[in-house]
file protein-v9.cif (mmCIF, N, CA and C atoms)
data_model
loop_
_atom_site.group_PDB
_atom_site.id
_atom_site.type_symbol
_atom_site.label_atom_id
_atom_site.label_comp_id
_atom_site.auth_asym_id
_atom_site.auth_seq_id
_atom_site.Cartn_x
_atom_site.Cartn_y
_atom_site.Cartn_z
ATOM 1 N N MET P 1 0.837 -1.170 0.000
ATOM 2 C CA MET P 1 0.000 0.000 0.000
ATOM 3 C C MET P 1 0.891 1.246 0.000
ATOM 4 N N PRO P 2 0.773 2.098 -1.015
ATOM 5 C CA PRO P 2 1.555 3.331 -1.059
ATOM 6 C C PRO P 2 1.128 4.284 0.059
ATOM 7 N N VAL P 3 2.111 4.998 0.580
ATOM 8 C CA VAL P 3 1.845 5.977 1.632
ATOM 9 C C VAL P 3 2.273 7.347 1.123
ATOM 10 N N SER P 4 1.445 8.344 1.391
ATOM 11 C CA SER P 4 1.752 9.701 0.971
ATOM 12 C C SER P 4 1.816 10.604 2.200
ATOM 13 N N VAL P 5 2.886 11.391 2.280
ATOM 14 C CA VAL P 5 3.075 12.299 3.402
ATOM 15 C C VAL P 5 3.514 13.641 2.847
ATOM 16 N N ASN P 6 2.925 14.720 3.342
ATOM 17 C CA ASN P 6 3.322 16.053 2.913
ATOM 18 C C ASN P 6 4.407 16.558 3.857
ATOM 19 N N LEU P 7 5.622 16.679 3.344
ATOM 20 C CA LEU P 7 6.769 17.108 4.137
ATOM 21 C C LEU P 7 7.157 18.564 3.871
ATOM 22 N N ASP P 8 6.329 19.279 3.116
ATOM 23 C CA ASP P 8 6.687 20.629 2.682
ATOM 24 C C ASP P 8 7.073 21.552 3.835
ATOM 25 N N SER P 9 6.391 21.456 4.973
ATOM 26 C CA SER P 9 6.698 22.362 6.086
ATOM 27 C C SER P 9 8.036 22.034 6.751
ATOM 28 N N LEU P 10 8.575 20.851 6.467
ATOM 29 C CA LEU P 10 9.857 20.440 7.047
ATOM 30 C C LEU P 10 11.036 20.723 6.134
ATOM 31 N N LEU P 11 10.744 21.051 4.874
ATOM 32 C CA LEU P 11 11.807 21.148 3.869
ATOM 33 C C LEU P 11 11.964 22.542 3.303
ATOM 34 N N ASP P 12 13.181 22.852 2.881
ATOM 35 C CA ASP P 12 13.447 24.044 2.102
ATOM 36 C C ASP P 12 12.679 23.895 0.789
ATOM 37 N N LYS P 13 12.191 25.014 0.267
ATOM 38 C CA LYS P 13 11.378 24.982 -0.963
ATOM 39 C C LYS P 13 12.028 24.190 -2.090
ATOM 40 N N ALA P 14 13.340 24.271 -2.212
ATOM 41 C CA ALA P 14 14.056 23.603 -3.307
ATOM 42 C C ALA P 14 13.936 22.082 -3.241
ATOM 43 N N TYR P 15 13.554 21.538 -2.097
ATOM 44 C CA TYR P 15 13.503 20.087 -1.923
ATOM 45 C C TYR P 15 12.089 19.543 -1.776
ATOM 46 N N GLU P 16 11.082 20.410 -1.862
ATOM 47 C CA GLU P 16 9.705 19.981 -1.625
ATOM 48 C C GLU P 16 9.215 18.900 -2.586
ATOM 49 N N SER P 17 9.721 18.878 -3.795
ATOM 50 C CA SER P 17 9.255 17.869 -4.758
ATOM 51 C C SER P 17 10.227 16.693 -4.878
ATOM 52 N N SER P 18 11.187 16.608 -3.983
ATOM 53 C CA SER P 18 12.187 15.540 -4.038
ATOM 54 C C SER P 18 11.642 14.236 -3.474
ATOM 55 N N SER P 19 12.240 13.144 -3.932
ATOM 56 C CA SER P 19 11.881 11.833 -3.389
ATOM 57 C C SER P 19 12.481 11.695 -1.993
ATOM 58 N N LEU P 20 12.012 10.723 -1.255
ATOM 59 C CA LEU P 20 12.543 10.484 0.089
ATOM 60 C C LEU P 20 14.047 10.233 0.031
ATOM 61 N N GLN P 21 14.496 9.427 -0.923
ATOM 62 C CA GLN P 21 15.927 9.133 -1.036
ATOM 63 C C GLN P 21 16.722 10.392 -1.362
ATOM 64 N N GLU P 22 16.186 11.237 -2.239
ATOM 65 C CA GLU P 22 16.871 12.491 -2.565
ATOM 66 C C GLU P 22 16.980 13.392 -1.328
ATOM 67 N N ILE P 23 15.937 13.408 -0.511
ATOM 68 C CA ILE P 23 15.965 14.214 0.717
ATOM 69 C C ILE P 23 17.004 13.655 1.685
ATOM 70 N N LEU P 24 17.029 12.355 1.872
ATOM 71 C CA LEU P 24 18.002 11.745 2.779
ATOM 72 C C LEU P 24 19.434 11.990 2.319
ATOM 73 N N ASP P 25 19.650 12.027 1.015
ATOM 74 C CA ASP P 25 20.983 12.258 0.450
ATOM 75 C C ASP P 25 21.353 13.739 0.391
ATOM 76 N N ALA P 26 20.394 14.606 0.624
ATOM 77 C CA ALA P 26 20.604 16.050 0.506
ATOM 78 C C ALA P 26 21.389 16.594 1.699
ATOM 79 N N PRO P 27 22.028 17.734 1.507
ATOM 80 C CA PRO P 27 22.701 18.372 2.653
ATOM 81 C C PRO P 27 21.663 18.782 3.695
ATOM 82 N N VAL P 28 22.100 18.937 4.934
ATOM 83 C CA VAL P 28 21.146 19.257 6.008
ATOM 84 C C VAL P 28 20.422 20.577 5.774
ATOM 85 N N GLU P 29 20.972 21.457 4.937
ATOM 86 C CA GLU P 29 20.263 22.695 4.595
ATOM 87 C C GLU P 29 18.949 22.436 3.876
ATOM 88 N N ALA P 30 18.708 21.207 3.441
ATOM 89 C CA ALA P 30 17.429 20.865 2.824
ATOM 90 C C ALA P 30 16.290 20.936 3.842
ATOM 91 N N LEU P 31 16.623 20.882 5.120
ATOM 92 C CA LEU P 31 15.613 21.006 6.170
ATOM 93 C C LEU P 31 15.311 22.484 6.395
ATOM 94 N N ALA P 32 14.033 22.810 6.465
ATOM 95 C CA ALA P 32 13.622 24.192 6.681
ATOM 96 C C ALA P 32 14.240 24.720 7.969
ATOM 97 N N GLY P 33 14.839 25.895 7.879
ATOM 98 C CA GLY P 33 15.401 26.535 9.057
ATOM 99 C C GLY P 33 16.856 26.222 9.332
ATOM 100 N N VAL P 34 17.452 25.300 8.583
ATOM 101 C CA VAL P 34 18.870 24.989 8.774
ATOM 102 C C VAL P 34 19.679 25.831 7.785
ATOM 103 N N SER P 35 20.470 26.720 8.326
ATOM 104 C CA SER P 35 21.253 27.638 7.493
ATOM 105 C C SER P 35 22.584 26.992 7.098
ATOM 106 N N PRO P 36 23.259 27.568 6.123
ATOM 107 C CA PRO P 36 24.597 27.058 5.780
ATOM 108 C C PRO P 36 25.554 27.079 6.975
ATOM 109 N N SER P 37 25.472 28.094 7.824
ATOM 110 C CA SER P 37 26.351 28.124 8.999
ATOM 111 C C SER P 37 25.967 27.045 10.008
ATOM 112 N N ASP P 38 24.670 26.754 10.131
ATOM 113 C CA ASP P 38 24.236 25.631 10.979
ATOM 114 C C ASP P 38 24.806 24.324 10.437
ATOM 115 N N ALA P 39 24.738 24.170 9.122
ATOM 116 C CA ALA P 39 25.247 22.953 8.481
ATOM 117 C C ALA P 39 26.742 22.803 8.724
ATOM 118 N N GLU P 40 27.480 23.893 8.638
ATOM 119 C CA GLU P 40 28.924 23.838 8.891
ATOM 120 C C GLU P 40 29.208 23.447 10.340
ATOM 121 N N ALA P 41 28.409 23.975 11.270
ATOM 122 C CA ALA P 41 28.587 23.628 12.683
ATOM 123 C C ALA P 41 28.291 22.152 12.924
ATOM 124 N N LEU P 42 27.248 21.629 12.303
ATOM 125 C CA LEU P 42 26.925 20.202 12.441
ATOM 126 C C LEU P 42 28.031 19.332 11.857
ATOM 127 N N LYS P 43 28.585 19.771 10.733
ATOM 128 C CA LYS P 43 29.677 19.021 10.109
ATOM 129 C C LYS P 43 30.919 19.037 11.002
ATOM 130 N N ALA P 44 31.235 20.207 11.549
ATOM 131 C CA ALA P 44 32.429 20.331 12.391
ATOM 132 C C ALA P 44 32.290 19.550 13.694
ATOM 133 N N ALA P 45 31.114 19.610 14.294
ATOM 134 C CA ALA P 45 30.924 18.986 15.606
ATOM 135 C C ALA P 45 30.640 17.492 15.536
ATOM 136 N N PHE P 46 29.855 17.075 14.540
ATOM 137 C CA PHE P 46 29.366 15.692 14.502
ATOM 138 C C PHE P 46 29.601 14.969 13.181
ATOM 139 N N ASN P 47 30.304 15.605 12.239
ATOM 140 C CA ASN P 47 30.523 15.051 10.905
ATOM 141 C C ASN P 47 29.205 14.744 10.184
ATOM 142 N N VAL P 48 28.197 15.568 10.440
ATOM 143 C CA VAL P 48 26.891 15.431 9.799
ATOM 144 C C VAL P 48 26.907 16.264 8.523
ATOM 145 N N LYS P 49 26.696 15.587 7.388
ATOM 146 C CA LYS P 49 26.713 16.275 6.102
ATOM 147 C C LYS P 49 25.357 16.201 5.401
ATOM 148 N N THR P 50 24.613 15.129 5.624
ATOM 149 C CA THR P 50 23.340 14.934 4.936
ATOM 150 C C THR P 50 22.199 14.785 5.942
ATOM 151 N N VAL P 51 20.985 14.832 5.424
ATOM 152 C CA VAL P 51 19.814 14.610 6.271
ATOM 153 C C VAL P 51 19.884 13.212 6.888
ATOM 154 N N ALA P 52 20.325 12.233 6.130
ATOM 155 C CA ALA P 52 20.460 10.867 6.660
ATOM 156 C C ALA P 52 21.487 10.822 7.787
ATOM 157 N N ASP P 53 22.606 11.520 7.616
ATOM 158 C CA ASP P 53 23.614 11.563 8.677
ATOM 159 C C ASP P 53 23.014 12.108 9.972
ATOM 160 N N LEU P 54 22.208 13.146 9.850
ATOM 161 C CA LEU P 54 21.581 13.744 11.027
ATOM 162 C C LEU P 54 20.643 12.746 11.698
ATOM 163 N N GLY P 55 19.847 12.053 10.890
ATOM 164 C CA GLY P 55 18.888 11.097 11.431
ATOM 165 C C GLY P 55 19.514 9.888 12.095
ATOM 166 N N LYS P 56 20.690 9.491 11.653
ATOM 167 C CA LYS P 56 21.313 8.297 12.234
ATOM 168 C C LYS P 56 22.396 8.624 13.253
ATOM 169 N N ASN P 57 22.588 9.916 13.537
ATOM 170 C CA ASN P 57 23.592 10.322 14.517
ATOM 171 C C ASN P 57 23.172 9.861 15.914
ATOM 172 N N LYS P 58 24.063 9.165 16.609
ATOM 173 C CA LYS P 58 23.711 8.561 17.895
ATOM 174 C C LYS P 58 23.348 9.598 18.953
ATOM 175 N N TYR P 59 23.937 10.778 18.890
ATOM 176 C CA TYR P 59 23.627 11.805 19.878
ATOM 177 C C TYR P 59 22.230 12.383 19.667
ATOM 178 N N PHE P 60 21.873 12.600 18.421
ATOM 179 C CA PHE P 60 20.541 13.113 18.118
ATOM 180 C C PHE P 60 19.481 12.051 18.399
ATOM 181 N N GLN P 61 19.789 10.794 18.083
ATOM 182 C CA GLN P 61 18.855 9.712 18.391
ATOM 183 C C GLN P 61 18.645 9.595 19.891
ATOM 184 N N ALA P 62 19.712 9.732 20.672
ATOM 185 C CA ALA P 62 19.601 9.653 22.129
ATOM 186 C C ALA P 62 18.742 10.792 22.657
ATOM 187 N N ALA P 63 18.937 11.999 22.145
ATOM 188 C CA ALA P 63 18.161 13.149 22.591
ATOM 189 C C ALA P 63 16.675 12.959 22.276
ATOM 190 N N VAL P 64 16.362 12.461 21.088
ATOM 191 C CA VAL P 64 14.970 12.209 20.712
ATOM 192 C C VAL P 64 14.367 11.138 21.617
ATOM 193 N N ALA P 65 15.094 10.064 21.858
ATOM 194 C CA ALA P 65 14.590 8.981 22.716
ATOM 195 C C ALA P 65 14.316 9.493 24.128
ATOM 196 N N LEU P 66 15.235 10.275 24.686
ATOM 197 C CA LEU P 66 15.040 10.822 26.026
ATOM 198 C C LEU P 66 13.836 11.759 26.079
ATOM 199 N N TYR P 67 13.696 12.591 25.074
ATOM 200 C CA TYR P 67 12.565 13.482 25.030
ATOM 201 C C TYR P 67 11.246 12.715 24.941
ATOM 202 N N GLU P 68 11.200 11.713 24.066
ATOM 203 C CA GLU P 68 9.974 10.919 23.912
ATOM 204 C C GLU P 68 9.639 10.194 25.208
ATOM 205 N N LEU P 69 10.633 9.699 25.924
ATOM 206 C CA LEU P 69 10.388 9.074 27.215
ATOM 207 C C LEU P 69 9.791 10.062 28.200
ATOM 208 N N SER P 70 10.293 11.291 28.183
ATOM 209 C CA SER P 70 9.759 12.304 29.100
ATOM 210 C C SER P 70 8.319 12.627 28.782
ATOM 211 N N GLN P 71 7.968 12.595 27.501
ATOM 212 C CA GLN P 71 6.600 12.900 27.105
ATOM 213 C C GLN P 71 5.652 11.744 27.440
ATOM 214 N N ALA P 72 6.139 10.535 27.313
ATOM 215 C CA ALA P 72 5.316 9.357 27.663
ATOM 216 C C ALA P 72 4.996 9.357 29.143
ATOM 217 N N GLY P 73 5.957 9.772 29.952
ATOM 218 C CA GLY P 73 5.744 9.822 31.396
ATOM 219 C C GLY P 73 4.838 10.956 31.808
ATOM 220 N N ALA P 74 4.714 11.981 30.973
ATOM 221 C CA ALA P 74 3.895 13.145 31.296
ATOM 222 C C ALA P 74 2.415 12.896 31.048
ATOM 223 N N LYS P 75 2.096 11.825 30.365
ATOM 224 C CA LYS P 75 0.683 11.569 30.026
ATOM 225 C C LYS P 75 -0.023 10.815 31.104
#
call {"tool": "encode", "arguments": {"input": "protein-v9.cif", "output": "structure tokens"}}
result
Amino acid sequence: MPVSVNLDSLLDKAYESSSLQEILDAPVEALAGVSPSDAEALKAAFNVKTVADLGKNKYFQAAVALYELSQAGAK
């Protein structure tokens, strides 16, 4: 079953019509609100170059997991 998701609010306009794989392979600036200087800082600090790199980074995954746990406990 095909699934359709509108990601436009998460992406820079230039990437709104891209496939999921193209977005994952794109530089982190493809995410709305991530500036070139933000991207350089992510690269320098965590060697994050692409959207996929950001998603699989162990520090970001840990932060998301901790946050989600805090929200589950708040309900």
call {"tool": "resolve_selection", "arguments": {"input": "protein-v9.cif", "expression": "the PyMOL selection byres ((chain P and resi 10-18) around 5)", "output": "PDB file with N, CA and C atoms, in the coordinates of the input"}}
result
ATOM      1  N   LEU P   7       5.622  16.679   3.344  1.00  0.00           N
ATOM      2  CA  LEU P   7       6.769  17.108   4.137  1.00  0.00           C
ATOM      3  C   LEU P   7       7.157  18.564   3.871  1.00  0.00           C
ATOM      4  N   ASP P   8       6.329  19.279   3.116  1.00  0.00           N
ATOM      5  CA  ASP P   8       6.687  20.629   2.682  1.00  0.00           C
ATOM      6  C   ASP P   8       7.073  21.552   3.835  1.00  0.00           C
ATOM      7  N   SER P   9       6.391  21.456   4.973  1.00  0.00           N
ATOM      8  CA  SER P   9       6.698  22.362   6.086  1.00  0.00           C
ATOM      9  C   SER P   9       8.036  22.034   6.751  1.00  0.00           C
ATOM     10  N   SER P  19      12.240  13.144  -3.932  1.00  0.00           N
ATOM     11  CA  SER P  19      11.881  11.833  -3.389  1.00  0.00           C
ATOM     12  C   SER P  19      12.481  11.695  -1.993  1.00  0.00           C
ATOM     13  N   LEU P  20      12.012  10.723  -1.255  1.00  0.00           N
ATOM     14  CA  LEU P  20      12.543  10.484   0.089  1.00  0.00           C
ATOM     15  C   LEU P  20      14.047  10.233   0.031  1.00  0.00           C
ATOM     16  N   ALA P  30      18.708  21.207   3.441  1.00  0.00           N
ATOM     17  CA  ALA P  30      17.429  20.865   2.824  1.00  0.00           C
ATOM     18  C   ALA P  30      16.290  20.936   3.842  1.00  0.00           C
ATOM     19  N   LEU P  31      16.623  20.882   5.120  1.00  0.00           N
ATOM     20  CA  LEU P  31      15.613  21.006   6.170  1.00  0.00           C
ATOM     21  C   LEU P  31      15.311  22.484   6.395  1.00  0.00           C
ATOM     22  N   ALA P  32      14.033  22.810   6.465  1.00  0.00           N
ATOM     23  CA  ALA P  32      13.622  24.192   6.681  1.00  0.00           C
ATOM     24  C   ALA P  32      14.240  24.720   7.969  1.00  0.00           C
TER      25      ALA P  32
END
call {"tool": "atom_distance", "arguments": {"input": "protein-v9.cif", "atom1": "atom CA of Thr50 of chain P", "atom2": "atom CA of Met1 of chain P"}}
result
28.1 Å
call {"tool": "residues_around", "arguments": {"input": "protein-v9.cif", "residues": "Glu29 of chain P", "least_positions_apart": "5", "cutoff": "8 Å", "atoms": "all atoms listed in the file", "output": "list in words"}}
result
Leu11, Asp12, Val34, Ser35, Pro36, Asp38, Ala39, Glu40, Lys49, Thr50 and Val51 of chain P
call {"tool": "select_by_dssp", "arguments": {"input": "protein-v9.cif", "residues": "chain P", "states": "helix (DSSP H, G or I)", "output": "ChimeraX atom specification"}}
result
/P:8-10,13-15,20-25,28-30,36-46,51-56,58-74
call {"tool": "atom_distance", "arguments": {"input": "protein-v9.cif", "atom1": "atom CA of Ala41 of chain P", "atom2": "atom CA of Pro27 of chain P"}}
result
12.8 Å
call {"tool": "atom_distance", "arguments": {"input": "protein-v9.cif", "atom1": "atom N of Ala65 of chain P", "atom2": "atom C of Asp53 of chain P"}}
result
14.4 Å
call {"tool": "select_by_dssp", "arguments": {"input": "protein-v9.cif", "residues": "chain P", "states": "strand (DSSP E or B)", "output": "JSON, numbers by chain"}}
result
{"P": [11, 27, 31, 50]}
call {"tool": "write_last_selection", "arguments": {"input": "protein-v9.cif", "atoms": "N, CA and C atoms", "output": "mmCIF file, in the frame of the given file"}}
result
data_model
loop_
_atom_site.group_PDB
_atom_site.id
_atom_site.type_symbol
_atom_site.label_atom_id
_atom_site.label_comp_id
_atom_site.auth_asym_id
_atom_site.auth_seq_id
_atom_site.Cartn_x
_atom_site.Cartn_y
_atom_site.Cartn_z
ATOM 1 N N LEU P 11 10.744 21.051 4.874
ATOM 2 C CA LEU P 11 11.807 21.148 3.869
ATOM 3 C C LEU P 11 11.964 22.542 3.303
ATOM 4 N N PRO P 27 22.028 17.734 1.507
ATOM 5 C CA PRO P 27 22.701 18.372 2.653
ATOM 6 C C PRO P 27 21.663 18.782 3.695
ATOM 7 N N LEU P 31 16.623 20.882 5.120
ATOM 8 C CA LEU P 31 15.613 21.006 6.170
ATOM 9 C C LEU P 31 15.311 22.484 6.395
ATOM 10 N N THR P 50 24.613 15.129 5.624
ATOM 11 C CA THR P 50 23.340 14.934 4.936
ATOM 12 C C THR P 50 22.199 14.785 5.942
#
call {"tool": "build_atoms", "arguments": {"input": "protein-v9.cif", "residues": "segment 52-63 of chain P", "atoms": "all heavy atoms", "output": "PDB file, in the coordinates of the input"}}
result
ATOM      1  N   ALA P  52      20.325  12.233   6.130  1.00  0.00           N
ATOM      2  CA  ALA P  52      20.460  10.867   6.660  1.00  0.00           C
ATOM      3  C   ALA P  52      21.487  10.822   7.787  1.00  0.00           C
ATOM      4  O   ALA P  52      21.256  10.163   8.810  1.00  0.00           O
ATOM      5  CB  ALA P  52      20.847   9.898   5.542  1.00  0.00           C
ATOM      6  N   ASP P  53      22.606  11.520   7.616  1.00  0.00           N
ATOM      7  CA  ASP P  53      23.614  11.563   8.677  1.00  0.00           C
ATOM      8  C   ASP P  53      23.014  12.108   9.972  1.00  0.00           C
ATOM      9  O   ASP P  53      23.290  11.593  11.054  1.00  0.00           O
ATOM     10  CB  ASP P  53      24.795  12.467   8.289  1.00  0.00           C
ATOM     11  CG  ASP P  53      25.669  11.924   7.174  1.00  0.00           C
ATOM     12  OD1 ASP P  53      25.621  10.708   6.901  1.00  0.00           O
ATOM     13  OD2 ASP P  53      26.408  12.740   6.577  1.00  0.00           O
ATOM     14  N   LEU P  54      22.208  13.146   9.850  1.00  0.00           N
ATOM     15  CA  LEU P  54      21.581  13.744  11.027  1.00  0.00           C
ATOM     16  C   LEU P  54      20.643  12.746  11.698  1.00  0.00           C
ATOM     17  O   LEU P  54      20.661  12.580  12.918  1.00  0.00           O
ATOM     18  CB  LEU P  54      20.819  15.007  10.625  1.00  0.00           C
ATOM     19  CG  LEU P  54      20.199  15.834  11.736  1.00  0.00           C
ATOM     20  CD1 LEU P  54      21.270  16.403  12.650  1.00  0.00           C
ATOM     21  CD2 LEU P  54      19.362  16.956  11.145  1.00  0.00           C
ATOM     22  N   GLY P  55      19.847  12.053  10.890  1.00  0.00           N
ATOM     23  CA  GLY P  55      18.888  11.097  11.431  1.00  0.00           C
ATOM     24  C   GLY P  55      19.514   9.888  12.095  1.00  0.00           C
ATOM     25  O   GLY P  55      18.938   9.326  13.034  1.00  0.00           O
ATOM     26  N   LYS P  56      20.690   9.491  11.653  1.00  0.00           N
ATOM     27  CA  LYS P  56      21.313   8.297  12.234  1.00  0.00           C
ATOM     28  C   LYS P  56      22.396   8.624  13.253  1.00  0.00           C
ATOM     29  O   LYS P  56      23.012   7.724  13.816  1.00  0.00           O
ATOM     30  CB  LYS P  56      21.841   7.371  11.142  1.00  0.00           C
ATOM     31  CG  LYS P  56      22.924   7.947  10.279  1.00  0.00           C
ATOM     32  CD  LYS P  56      23.272   6.996   9.134  1.00  0.00           C
ATOM     33  CE  LYS P  56      24.299   7.620   8.219  1.00  0.00           C
ATOM     34  NZ  LYS P  56      24.585   6.792   7.067  1.00  0.00           N
ATOM     35  N   ASN P  57      22.588   9.916  13.537  1.00  0.00           N
ATOM     36  CA  ASN P  57      23.592  10.322  14.517  1.00  0.00           C
ATOM     37  C   ASN P  57      23.172   9.861  15.914  1.00  0.00           C
ATOM     38  O   ASN P  57      22.064  10.142  16.371  1.00  0.00           O
ATOM     39  CB  ASN P  57      23.758  11.839  14.482  1.00  0.00           C
ATOM     40  CG  ASN P  57      24.778  12.315  15.471  1.00  0.00           C
ATOM     41  OD1 ASN P  57      24.469  12.436  16.651  1.00  0.00           O
ATOM     42  ND2 ASN P  57      25.983  12.574  14.999  1.00  0.00           N
ATOM     43  N   LYS P  58      24.063   9.165  16.609  1.00  0.00           N
ATOM     44  CA  LYS P  58      23.711   8.561  17.895  1.00  0.00           C
ATOM     45  C   LYS P  58      23.348   9.598  18.953  1.00  0.00           C
ATOM     46  O   LYS P  58      22.507   9.344  19.805  1.00  0.00           O
ATOM     47  CB  LYS P  58      24.817   7.645  18.395  1.00  0.00           C
ATOM     48  CG  LYS P  58      26.106   8.340  18.788  1.00  0.00           C
ATOM     49  CD  LYS P  58      27.140   7.336  19.273  1.00  0.00           C
ATOM     50  CE  LYS P  58      28.434   8.007  19.676  1.00  0.00           C
ATOM     51  NZ  LYS P  58      29.411   7.028  20.140  1.00  0.00           N
ATOM     52  N   TYR P  59      23.937  10.778  18.890  1.00  0.00           N
ATOM     53  CA  TYR P  59      23.627  11.805  19.878  1.00  0.00           C
ATOM     54  C   TYR P  59      22.230  12.383  19.667  1.00  0.00           C
ATOM     55  O   TYR P  59      21.491  12.608  20.619  1.00  0.00           O
ATOM     56  CB  TYR P  59      24.682  12.919  19.849  1.00  0.00           C
ATOM     57  CG  TYR P  59      26.064  12.393  20.115  1.00  0.00           C
ATOM     58  CD1 TYR P  59      27.006  12.320  19.102  1.00  0.00           C
ATOM     59  CD2 TYR P  59      26.415  11.929  21.384  1.00  0.00           C
ATOM     60  CE1 TYR P  59      28.270  11.818  19.346  1.00  0.00           C
ATOM     61  CE2 TYR P  59      27.686  11.416  21.630  1.00  0.00           C
ATOM     62  CZ  TYR P  59      28.611  11.362  20.608  1.00  0.00           C
ATOM     63  OH  TYR P  59      29.859  10.859  20.840  1.00  0.00           O
ATOM     64  N   PHE P  60      21.873  12.600  18.421  1.00  0.00           N
ATOM     65  CA  PHE P  60      20.541  13.113  18.118  1.00  0.00           C
ATOM     66  C   PHE P  60      19.481  12.051  18.399  1.00  0.00           C
ATOM     67  O   PHE P  60      18.406  12.358  18.916  1.00  0.00           O
ATOM     68  CB  PHE P  60      20.465  13.621  16.683  1.00  0.00           C
ATOM     69  CG  PHE P  60      21.331  14.828  16.460  1.00  0.00           C
ATOM     70  CD1 PHE P  60      22.559  14.703  15.851  1.00  0.00           C
ATOM     71  CD2 PHE P  60      20.937  16.082  16.907  1.00  0.00           C
ATOM     72  CE1 PHE P  60      23.382  15.809  15.665  1.00  0.00           C
ATOM     73  CE2 PHE P  60      21.753  17.194  16.735  1.00  0.00           C
ATOM     74  CZ  PHE P  60      22.974  17.056  16.107  1.00  0.00           C
ATOM     75  N   GLN P  61      19.789  10.794  18.083  1.00  0.00           N
ATOM     76  CA  GLN P  61      18.855   9.712  18.391  1.00  0.00           C
ATOM     77  C   GLN P  61      18.645   9.595  19.891  1.00  0.00           C
ATOM     78  O   GLN P  61      17.519   9.389  20.350  1.00  0.00           O
ATOM     79  CB  GLN P  61      19.362   8.387  17.825  1.00  0.00           C
ATOM     80  CG  GLN P  61      19.263   8.295  16.323  1.00  0.00           C
ATOM     81  CD  GLN P  61      19.766   6.958  15.801  1.00  0.00           C
ATOM     82  OE1 GLN P  61      20.456   6.210  16.499  1.00  0.00           O
ATOM     83  NE2 GLN P  61      19.419   6.656  14.571  1.00  0.00           N
ATOM     84  N   ALA P  62      19.712   9.732  20.672  1.00  0.00           N
ATOM     85  CA  ALA P  62      19.601   9.653  22.129  1.00  0.00           C
ATOM     86  C   ALA P  62      18.742  10.792  22.657  1.00  0.00           C
ATOM     87  O   ALA P  62      17.886  10.584  23.535  1.00  0.00           O
ATOM     88  CB  ALA P  62      20.985   9.683  22.769  1.00  0.00           C
ATOM     89  N   ALA P  63      18.937  11.999  22.145  1.00  0.00           N
ATOM     90  CA  ALA P  63      18.161  13.149  22.591  1.00  0.00           C
ATOM     91  C   ALA P  63      16.675  12.959  22.276  1.00  0.00           C
ATOM     92  O   ALA P  63      15.811  13.242  23.118  1.00  0.00           O
ATOM     93  CB  ALA P  63      18.683  14.428  21.943  1.00  0.00           C
TER      94      ALA P  63
END
